[in-house]
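See below for structure-v3.txt, which holds compact mmCIF, C-alpha atoms and all ligand atoms.
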```
# COMPACT_ATOMS: atom_id res chain seq x y z
CA MET E 11 14.62 -12.55 -22.10
CA ASN E 12 12.66 -10.01 -24.13
CA ILE E 13 10.60 -8.08 -21.60
CA GLY E 14 7.35 -6.21 -22.33
CA PHE E 15 6.13 -3.59 -19.85
CA ILE E 16 2.67 -1.96 -20.03
CA GLY E 17 1.67 0.96 -17.78
CA LEU E 18 4.27 3.68 -17.25
CA GLY E 19 2.65 5.80 -14.54
CA ARG E 20 4.02 6.84 -11.15
CA MET E 21 5.17 3.29 -10.39
CA GLY E 22 5.53 1.60 -13.78
CA LEU E 23 7.86 4.25 -15.20
CA SER E 24 10.33 3.74 -12.34
CA LEU E 25 10.10 -0.06 -12.47
CA ALA E 26 10.58 -0.23 -16.24
CA ARG E 27 13.39 2.32 -15.98
CA SER E 28 15.21 0.03 -13.52
CA LEU E 29 15.08 -2.78 -16.08
CA VAL E 30 16.39 -0.54 -18.86
CA SER E 31 19.17 0.87 -16.68
CA LYS E 32 20.36 -2.67 -15.94
CA GLY E 33 20.75 -3.43 -19.65
CA GLU E 34 17.60 -5.54 -20.12
CA THR E 35 15.84 -5.63 -23.49
CA VAL E 36 12.56 -3.88 -22.73
CA CYS E 37 9.64 -2.92 -24.96
CA VAL E 38 7.15 -0.49 -23.36
CA PHE E 39 3.60 0.74 -23.95
CA ASP E 40 1.28 3.24 -22.28
CA LEU E 41 -1.69 5.29 -23.51
CA ASN E 42 0.44 8.28 -22.52
CA ALA E 43 2.85 8.67 -25.45
CA GLU E 44 5.07 11.02 -23.46
CA ALA E 45 5.92 8.28 -20.94
CA VAL E 46 6.79 5.93 -23.83
CA SER E 47 9.09 8.55 -25.43
CA THR E 48 10.80 9.20 -22.09
CA LEU E 49 11.81 5.55 -21.80
CA GLU E 50 12.68 5.31 -25.50
CA SER E 51 15.19 8.10 -24.93
CA GLU E 52 16.70 5.99 -22.12
CA GLY E 53 17.11 2.84 -24.26
CA ALA E 54 13.74 1.06 -24.26
CA GLN E 55 11.88 0.18 -27.41
CA GLY E 56 8.46 1.84 -27.68
CA ALA E 57 5.43 -0.13 -28.94
CA ARG E 58 2.39 1.46 -30.59
CA ASN E 59 -0.04 -0.97 -29.01
CA VAL E 60 -0.33 -4.10 -26.88
CA ALA E 61 -0.17 -6.44 -29.90
CA GLU E 62 3.13 -4.97 -31.08
CA LEU E 63 4.55 -5.18 -27.55
CA CYS E 64 3.63 -8.86 -27.26
CA ARG E 65 5.06 -9.90 -30.63
CA ASN E 66 8.59 -10.77 -29.45
CA ALA E 67 8.06 -10.87 -25.71
CA ASP E 68 9.07 -13.79 -23.49
CA ILE E 69 7.57 -12.13 -20.42
CA VAL E 70 5.05 -9.27 -20.15
CA PHE E 71 4.36 -7.12 -17.07
CA THR E 72 1.37 -4.83 -16.51
CA MET E 73 1.32 -2.00 -13.94
CA LEU E 74 -2.09 -0.39 -14.44
CA PRO E 75 -4.48 1.54 -12.15
CA GLY E 76 -6.92 -1.26 -11.26
CA PRO E 77 -9.10 -4.22 -12.31
CA LYS E 78 -10.92 -2.40 -15.13
CA GLN E 79 -7.74 -1.41 -16.98
CA VAL E 80 -6.07 -4.79 -16.35
CA ASN E 81 -9.09 -6.64 -17.74
CA ALA E 82 -9.13 -4.42 -20.83
CA VAL E 83 -5.41 -4.76 -21.55
CA ALA E 84 -5.13 -8.46 -20.69
CA LEU E 85 -8.42 -9.90 -21.96
CA GLY E 86 -9.89 -7.19 -24.20
CA ALA E 87 -9.95 -7.11 -28.00
CA ASP E 88 -6.36 -7.24 -29.24
CA GLY E 89 -5.19 -7.62 -25.65
CA ILE E 90 -2.32 -9.67 -24.24
CA ILE E 91 -4.20 -12.97 -24.36
CA GLU E 92 -4.72 -12.65 -28.13
CA ASN E 93 -1.12 -11.76 -28.88
CA LEU E 94 1.30 -13.36 -26.44
CA ARG E 95 2.57 -16.71 -27.64
CA PRO E 96 1.94 -19.88 -25.62
CA GLY E 97 4.94 -20.80 -23.49
CA SER E 98 5.58 -17.21 -22.47
CA ILE E 99 4.80 -15.58 -19.12
CA TYR E 100 2.40 -12.80 -18.12
CA ILE E 101 2.78 -11.10 -14.72
CA ASP E 102 0.33 -8.46 -13.47
CA MET E 103 1.84 -6.10 -10.87
CA SER E 104 -1.20 -3.83 -10.41
CA THR E 105 -3.31 -3.93 -7.27
CA ILE E 106 -6.53 -5.68 -8.30
CA ASP E 107 -9.22 -7.85 -6.70
CA VAL E 108 -9.31 -11.56 -5.99
CA ASP E 109 -12.00 -12.45 -8.57
CA THR E 110 -10.18 -10.60 -11.36
CA VAL E 111 -6.80 -12.19 -10.61
CA ASP E 112 -8.33 -15.69 -10.42
CA ALA E 113 -10.14 -15.15 -13.74
CA LEU E 114 -6.88 -14.01 -15.37
CA HIS E 115 -5.09 -17.09 -14.03
CA GLN E 116 -7.71 -19.37 -15.52
CA ALA E 117 -7.93 -17.60 -18.88
CA PHE E 118 -4.15 -17.50 -19.45
CA SER E 119 -3.62 -21.08 -18.25
CA GLU E 120 -6.18 -22.25 -20.82
CA LYS E 121 -4.08 -20.56 -23.54
CA GLY E 122 -0.83 -22.19 -22.36
CA ILE E 123 0.57 -18.90 -21.03
CA ALA E 124 1.99 -18.96 -17.48
CA PHE E 125 0.29 -16.36 -15.32
CA GLY E 126 1.46 -14.80 -12.07
CA ASP E 127 0.73 -11.74 -9.94
CA ALA E 128 3.44 -9.62 -8.33
CA PRO E 129 1.90 -6.58 -6.68
CA VAL E 130 4.37 -4.07 -5.33
CA GLY E 131 5.05 -3.09 -1.74
CA ARG E 132 6.75 0.01 -0.31
CA LEU E 133 6.46 3.59 -1.53
CA ALA E 134 6.86 5.26 -4.90
CA MET E 135 10.16 6.72 -3.69
CA HIS E 136 11.44 3.16 -3.15
CA ALA E 137 10.44 2.26 -6.72
CA ASP E 138 12.42 5.30 -7.91
CA ARG E 139 15.48 3.90 -6.14
CA GLY E 140 14.97 0.29 -7.32
CA GLU E 141 14.08 -0.78 -3.76
CA SER E 142 10.58 -2.18 -4.24
CA LEU E 143 9.25 -5.36 -2.66
CA PHE E 144 7.23 -7.87 -4.71
CA MET E 145 4.54 -10.26 -3.46
CA LEU E 146 4.86 -12.98 -6.08
CA GLY E 147 2.08 -15.47 -6.71
CA ILE E 148 2.92 -18.12 -9.32
CA ASP E 149 3.34 -21.88 -9.63
CA GLU E 150 6.65 -22.99 -8.11
CA GLN E 151 8.02 -24.14 -11.50
CA TYR E 152 8.14 -20.54 -12.82
CA VAL E 153 9.70 -18.87 -9.79
CA ALA E 154 13.28 -19.34 -10.99
CA LYS E 155 12.42 -17.59 -14.28
CA VAL E 156 10.47 -14.66 -12.84
CA GLU E 157 12.42 -13.84 -9.66
CA PRO E 158 15.64 -12.68 -11.38
CA VAL E 159 13.62 -10.17 -13.45
CA LEU E 160 11.88 -8.85 -10.32
CA TYR E 161 15.25 -8.44 -8.61
CA LYS E 162 16.25 -6.08 -11.45
CA MET E 163 13.36 -3.81 -10.35
CA GLY E 164 13.54 -4.17 -6.57
CA THR E 165 15.40 -5.61 -3.62
CA THR E 166 12.93 -8.07 -2.10
CA VAL E 167 10.71 -10.86 -3.44
CA TYR E 168 8.39 -12.97 -1.31
CA HIS E 169 6.90 -15.99 -3.04
CA CYS E 170 3.40 -16.07 -1.55
CA GLY E 171 2.27 -19.31 -3.23
CA LYS E 172 0.10 -19.91 -6.28
CA ALA E 173 -1.10 -17.23 -8.71
CA GLY E 174 -3.55 -14.93 -6.94
CA ASN E 175 -1.81 -15.15 -3.58
CA GLY E 176 0.30 -12.06 -4.39
CA THR E 177 -2.92 -10.06 -4.77
CA ARG E 178 -4.43 -11.54 -1.61
CA THR E 179 -1.30 -10.60 0.36
CA LYS E 180 -1.26 -7.11 -1.15
CA LEU E 181 -4.88 -6.41 -0.19
CA ILE E 182 -4.07 -7.18 3.43
CA ASN E 183 -0.86 -5.13 3.26
CA ASN E 184 -2.65 -2.09 1.89
CA MET E 185 -5.53 -2.43 4.32
CA MET E 186 -2.95 -1.86 7.07
CA VAL E 187 -1.04 0.85 5.17
CA LEU E 188 -4.19 2.86 4.46
CA SER E 189 -5.64 2.39 7.94
CA TYR E 190 -2.45 3.99 9.27
CA CYS E 191 -3.27 7.07 7.16
CA GLN E 192 -6.32 7.60 9.33
CA ILE E 193 -4.63 6.72 12.65
CA ASN E 194 -1.68 9.04 11.87
CA SER E 195 -4.06 11.83 10.92
CA GLU E 196 -6.13 11.59 14.10
CA ALA E 197 -2.95 11.57 16.25
CA LEU E 198 -1.28 14.51 14.49
CA VAL E 199 -4.39 16.70 14.44
CA LEU E 200 -4.96 16.00 18.15
CA ALA E 201 -1.30 16.87 18.86
CA GLN E 202 -1.83 20.24 17.18
CA ALA E 203 -5.11 20.82 19.02
CA LEU E 204 -3.38 20.11 22.35
CA GLY E 205 -0.77 22.77 21.52
CA LEU E 206 2.18 20.34 21.36
CA ASP E 207 5.40 21.04 19.47
CA LEU E 208 4.89 18.89 16.38
CA ASN E 209 8.58 18.24 15.75
CA ASN E 210 8.98 16.90 19.25
CA THR E 211 5.78 14.84 19.05
CA PHE E 212 6.87 13.39 15.71
CA ASN E 213 10.23 12.38 17.20
CA VAL E 214 8.48 10.64 20.10
CA LEU E 215 5.96 8.84 17.89
CA THR E 216 8.65 7.57 15.53
CA SER E 217 10.86 6.36 18.40
CA THR E 218 8.32 4.18 20.21
CA THR E 219 6.09 1.28 19.22
CA ALA E 220 3.55 3.87 18.02
CA SER E 221 5.79 4.12 14.95
CA ASN E 222 4.75 2.81 11.56
CA GLY E 223 6.42 2.94 8.18
CA GLN E 224 3.88 5.42 6.85
CA LEU E 225 4.48 7.87 9.69
CA LYS E 226 8.22 7.38 9.81
CA GLU E 227 9.14 7.27 6.11
CA LYS E 228 6.30 8.86 4.22
CA TRP E 229 4.72 11.58 6.38
CA PRO E 230 7.86 13.75 6.86
CA ASN E 231 8.59 13.56 3.12
CA LYS E 232 5.03 14.33 2.01
CA VAL E 233 2.18 15.99 3.91
CA LEU E 234 4.22 17.15 6.92
CA LYS E 235 6.39 19.23 4.61
CA GLY E 236 3.40 20.37 2.54
CA ASP E 237 4.09 18.13 -0.50
CA LEU E 238 0.69 16.74 -1.55
CA SER E 239 1.77 15.52 -5.02
CA PRO E 240 0.83 11.86 -5.42
CA GLY E 241 3.36 9.25 -4.51
CA PHE E 242 0.23 7.14 -4.06
CA ASP E 243 -2.89 8.90 -5.33
CA LEU E 244 -5.76 9.11 -2.85
CA ALA E 245 -8.09 7.78 -5.57
CA LEU E 246 -5.92 4.64 -5.86
CA GLY E 247 -5.85 4.39 -2.05
CA TYR E 248 -9.65 4.45 -2.02
CA LYS E 249 -9.67 1.71 -4.66
CA ASP E 250 -7.34 -0.45 -2.54
CA ILE E 251 -9.12 0.03 0.80
CA SER E 252 -12.38 -0.77 -1.03
CA LEU E 253 -10.86 -3.97 -2.46
CA ALA E 254 -9.91 -5.04 1.08
CA SER E 255 -13.33 -4.06 2.44
CA ASN E 256 -15.05 -6.05 -0.33
CA ALA E 257 -12.77 -9.05 0.32
CA GLY E 258 -13.83 -8.87 3.99
CA ALA E 259 -17.49 -8.79 3.01
CA SER E 260 -17.18 -11.78 0.67
CA SER E 261 -15.17 -13.74 3.27
CA GLN E 262 -17.61 -12.75 6.05
CA VAL E 263 -14.84 -11.12 8.10
CA ALA E 264 -15.72 -7.87 9.92
CA LEU E 265 -13.21 -5.05 9.27
CA PRO E 266 -14.40 -2.02 11.28
CA VAL E 267 -11.17 0.05 11.03
CA CYS E 268 -10.81 -0.71 7.33
CA ASP E 269 -14.42 0.26 6.63
CA THR E 270 -14.14 3.53 8.58
CA THR E 271 -10.96 4.41 6.69
CA ARG E 272 -12.73 3.62 3.42
CA ASN E 273 -15.50 6.08 4.31
CA VAL E 274 -13.03 8.82 5.27
CA PHE E 275 -11.25 8.33 1.94
CA ARG E 276 -14.64 8.48 0.17
CA LEU E 277 -15.38 11.82 1.86
CA ALA E 278 -11.90 13.15 1.03
CA LEU E 279 -12.48 12.29 -2.64
CA ALA E 280 -15.90 13.97 -2.53
CA SER E 281 -14.21 17.10 -1.19
CA GLY E 282 -11.88 17.18 -4.21
CA LYS E 283 -8.74 15.41 -2.93
CA ALA E 284 -8.32 13.03 -5.90
CA GLY E 285 -4.88 13.64 -7.40
CA GLN E 286 -3.32 14.26 -3.99
CA ASP E 287 -1.13 11.85 -2.05
CA THR E 288 -2.80 9.48 0.44
CA SER E 289 -0.99 11.33 3.26
CA SER E 290 -3.15 14.40 2.49
CA ILE E 291 -5.83 12.64 4.60
CA THR E 292 -4.06 14.44 7.47
CA ASP E 293 -4.84 17.85 5.93
CA PHE E 294 -8.41 16.74 5.21
CA TRP E 295 -8.81 15.70 8.85
CA ALA E 296 -7.40 19.03 10.04
CA GLU E 297 -9.80 20.91 7.73
CA LEU E 298 -12.81 18.93 8.98
CA ASN E 299 -11.84 19.69 12.57
CA ASN E 300 -11.08 23.33 11.87
CA CYS E 301 -7.49 22.83 13.06
CA PRO E 302 -4.25 24.09 11.50
CA LYS E 303 -2.61 21.67 9.05
CA PRO E 304 0.18 19.78 10.84
CA ARG E 305 3.64 20.63 9.46
CA LEU E 306 7.19 19.90 10.63
CA ASN E 307 9.65 22.81 10.76
P1 LIG G 401 -0.76 5.72 -12.25
O1 LIG G 401 -2.17 6.15 -12.39
O2 LIG G 401 0.30 6.74 -11.96
O3 LIG G 401 -0.30 4.93 -13.57
C1 LIG G 401 -1.11 4.09 -14.33
C2 LIG G 401 -0.61 4.11 -15.79
O4 LIG G 401 -1.40 3.19 -16.55
C3 LIG G 401 -0.77 5.49 -16.46
O5 LIG G 401 0.46 5.87 -17.05
C4 LIG G 401 -1.85 5.26 -17.52
O6 LIG G 401 -1.69 6.04 -18.69
C5 LIG G 401 -1.63 3.78 -17.82
N1 LIG G 401 -2.80 3.15 -18.44
C6 LIG G 401 -4.09 3.18 -18.01
N2 LIG G 401 -4.88 2.46 -18.83
C7 LIG G 401 -4.07 1.96 -19.80
C8 LIG G 401 -4.27 1.14 -20.93
N3 LIG G 401 -5.51 0.70 -21.26
N4 LIG G 401 -3.23 0.83 -21.70
C9 LIG G 401 -1.98 1.27 -21.39
N5 LIG G 401 -1.71 2.06 -20.33
C10 LIG G 401 -2.74 2.40 -19.55
O7 LIG G 401 -0.76 4.60 -11.10
P2 LIG G 401 0.49 4.09 -10.20
O8 LIG G 401 0.60 4.95 -8.97
O9 LIG G 401 1.66 3.85 -11.07
O10 LIG G 401 -0.12 2.68 -9.69
C11 LIG G 401 -0.23 1.56 -10.57
C12 LIG G 401 -0.71 0.36 -9.74
O11 LIG G 401 0.22 0.08 -8.69
C13 LIG G 401 -2.06 0.58 -9.05
O12 LIG G 401 -2.77 -0.63 -9.06
C14 LIG G 401 -1.66 0.98 -7.64
O13 LIG G 401 -2.70 0.69 -6.70
C15 LIG G 401 -0.42 0.13 -7.42
N6 LIG G 401 0.59 0.64 -6.48
C16 LIG G 401 0.86 1.97 -6.35
C17 LIG G 401 1.84 2.40 -5.45
C18 LIG G 401 2.16 3.87 -5.27
O14 LIG G 401 2.77 4.22 -4.24
N7 LIG G 401 1.82 4.75 -6.23
C19 LIG G 401 2.57 1.48 -4.71
C20 LIG G 401 2.33 0.12 -4.91
C21 LIG G 401 1.34 -0.28 -5.80
```

In structure tokens, what does this structure look like?
Ligand code: NAD
Amino acid sequence: MNIGFIGLGRMGLSLARSLVSKGETVCVFDLNAEAVSTLESEGAQGARNVAELCRNADIVFTMLPGPKQVNAVALGADGIIENLRPGSIYIDMSTIDVDTVDALHQAFSEKGIAFGDAPVGRLAMHADRGESLFMLGIDEQYVAKVEPVLYKMGTTVYHCGKAGNGTRTKLINNMMVLSYCQINSEALVLAQALGLDLNNTFNVLTSTTASNGQLKEKWPNKVLKGDLSPGFDLALGYKDISLASNAGASSQVALPVCDTTRNVFRLALASGKAGQDTSSITDFWAELNNCPKPRLN
């Protein structure tokens, strides 16, 4: 299959690179020409715009920041819908909202293009290693075509049902992931304030049922060693927790922990934390409480 891949940021670059490294024919596009050149030098074909990328594609993936960019690239003037031929497949992997994904499904189906969503689970470091998880939403008849391509970018695919169900699953997943940012931060800042040895406390917390993937896998590799560079940008985290909060509001489901986390993220952004990793919420919480920033030795 000729594969098109749009959006070569922190996640998309690694996912597209996995396809290229496994010998797939991949055409790539991003507004950032440097990212396109990087993959060209590794064997991908670079496109100058979305139309050029779609010309020979059998399947197109997008991995963009959020609903606004996905709408522009998929449905905007000279977007995917205008240029991808009927009979081909379009899969969005970005984290977007329920209304947007359902509107994409309808618009592409009307054009005879199969549409699916496959948002990505696990951390950026897993994407770097080709170990991502995909929450695939697409009609059963297309699963056999799409799954093998996803397995070239990751290790795990869950078929969540029809198009749109990948996004719905992802919103719930990230609501939990991001709520742990706040829970971890409160626990670690309190541990410092109580004068505990942080290395010892960390070992305890990651060896009992208090453990969570964020604390165990991400925290020691990011904020707890002072690395605040974005694996997952706090601004994107705020977008995702807001998408979950909004989904709760429209479904009339109360989400008190989610909504509190959303507000803490909002305050962190207002204090200038955009561009830092979501785990930097722990430093923000320490600053607010006038406590030292928790670090492992
Ligand atoms: P990013 O901001 O690093 O990358 C986004 C890329 O999209 C950038 O390279 C940007 O230039 C490009 N782009 C934006 N508008 C464009 C347009 N109109 N045309 C072409 N390219 C355009 O974001 P990321 O961290 O790679 O995340 C991408 C998506 O994946 C988001 O929805 C995010 O929520 C989700 N996600 C992120 C992680 C993570 O750990 N970073 C994990 C899973 C899912």

As lines of an AutoDock Vina configuration file, please report the centre and edge lengths, rounded to one decimal in Å, of the axis-aligned box that holds all listed atoms of ligand LIG 401 (chain G) with 3 Å of padding on each of the six sides.
```
center_x = -1.4
center_y = 3.1
center_z = -13.0
size_x = 14.3
size_y = 13.4
size_z = 23.5
```

- Task: Quick one: everything within 12 Å of range 195-208 of chain E, counting only C-alpha atoms, minus sequence neighbours fewer than 3 positions away in the same chain. Send it as a PyMOL selection string.
- Result: chain E and resi 188-192+211-216+220-221+224-225+229-230+233-235+271+274+288-307

Please identify every residue of chain E that has at least one atom no farther than 6 Å from an atom of ligand LIG 401 (chain G), counting only C-alpha atoms and all ligand atoms, and for each give the shortest atom pair and the distance in Å to one decimal, arranged by chain then increasing number, as a tab-separated table.
```
residue	atom	partner	partner_atom	distance
E:Ile16	CA	G:LIG401	C9	5.8
E:Gly17	CA	G:LIG401	O4	4.0
E:Leu18	CA	G:LIG401	O5	4.4
E:Gly19	CA	G:LIG401	O3	3.2
E:Arg20	CA	G:LIG401	O2	3.8
E:Met21	CA	G:LIG401	O9	3.6
E:Gly22	CA	G:LIG401	O9	5.2
E:Asp40	CA	G:LIG401	N5	3.8
E:Leu41	CA	G:LIG401	N5	4.5
E:Asn42	CA	G:LIG401	O6	4.9
E:Met73	CA	G:LIG401	C11	5.1
E:Leu74	CA	G:LIG401	O4	4.2
E:Pro75	CA	G:LIG401	C13	4.0
E:Gly76	CA	G:LIG401	O12	4.7
E:Gln79	CA	G:LIG401	N2	5.2
E:Val83	CA	G:LIG401	N3	5.5
E:Ser104	CA	G:LIG401	O12	3.8
E:Thr105	CA	G:LIG401	O12	3.8
E:Val130	CA	G:LIG401	C20	4.7
E:Gly131	CA	G:LIG401	C20	5.3
E:Leu133	CA	G:LIG401	O14	4.6
E:Ala134	CA	G:LIG401	O14	4.3
E:Gly241	CA	G:LIG401	N7	5.1
E:Phe242	CA	G:LIG401	N7	3.6
E:Leu246	CA	G:LIG401	O13	5.2
```

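CA of Thr165 in chain E lies 27.1 Å from CA of Ala245 in chain E.
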
- For the point (6.6, -6.2, -13.4) in file coordinates, what residues are within 9 Å, counting only C-alpha atoms? Give the answer as a PyMOL selection string? chain E and resi 14-16+22+25-26+70-73+101-104+127-130+144+159-160+163

- Query: What's the 6 Å shell around Lys172 in chain E, counting all atoms listed in the file, without same-chain residues fewer than 5 positions away, as a PyMOL selection string?
  - Reply: chain E and resi 147-149

- Between CA of Arg272 in chain E and CA of Ile251 in chain E lies a distance of 5.7 Å

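As for CA of Phe39 in chain E and CA of Ile91 in chain E, they are spaced 15.8 Å apart.
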
- Task: Pick out the closest residue to Ala54 in chain E from this set: E:Asp250, E:Glu34, E:Asp269, E:Asp68. Count all atoms listed in the file.
- Result: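 Selected residue with least distance to Ala54 in chain E: E:Glu34.
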
- Distance query His115 in chain E at most 9 Å, only C-alpha atoms, self and fewer than 6 positions along chain excluded, as an MDAnalysis selection string: chainID E and resid 124:127 173:174
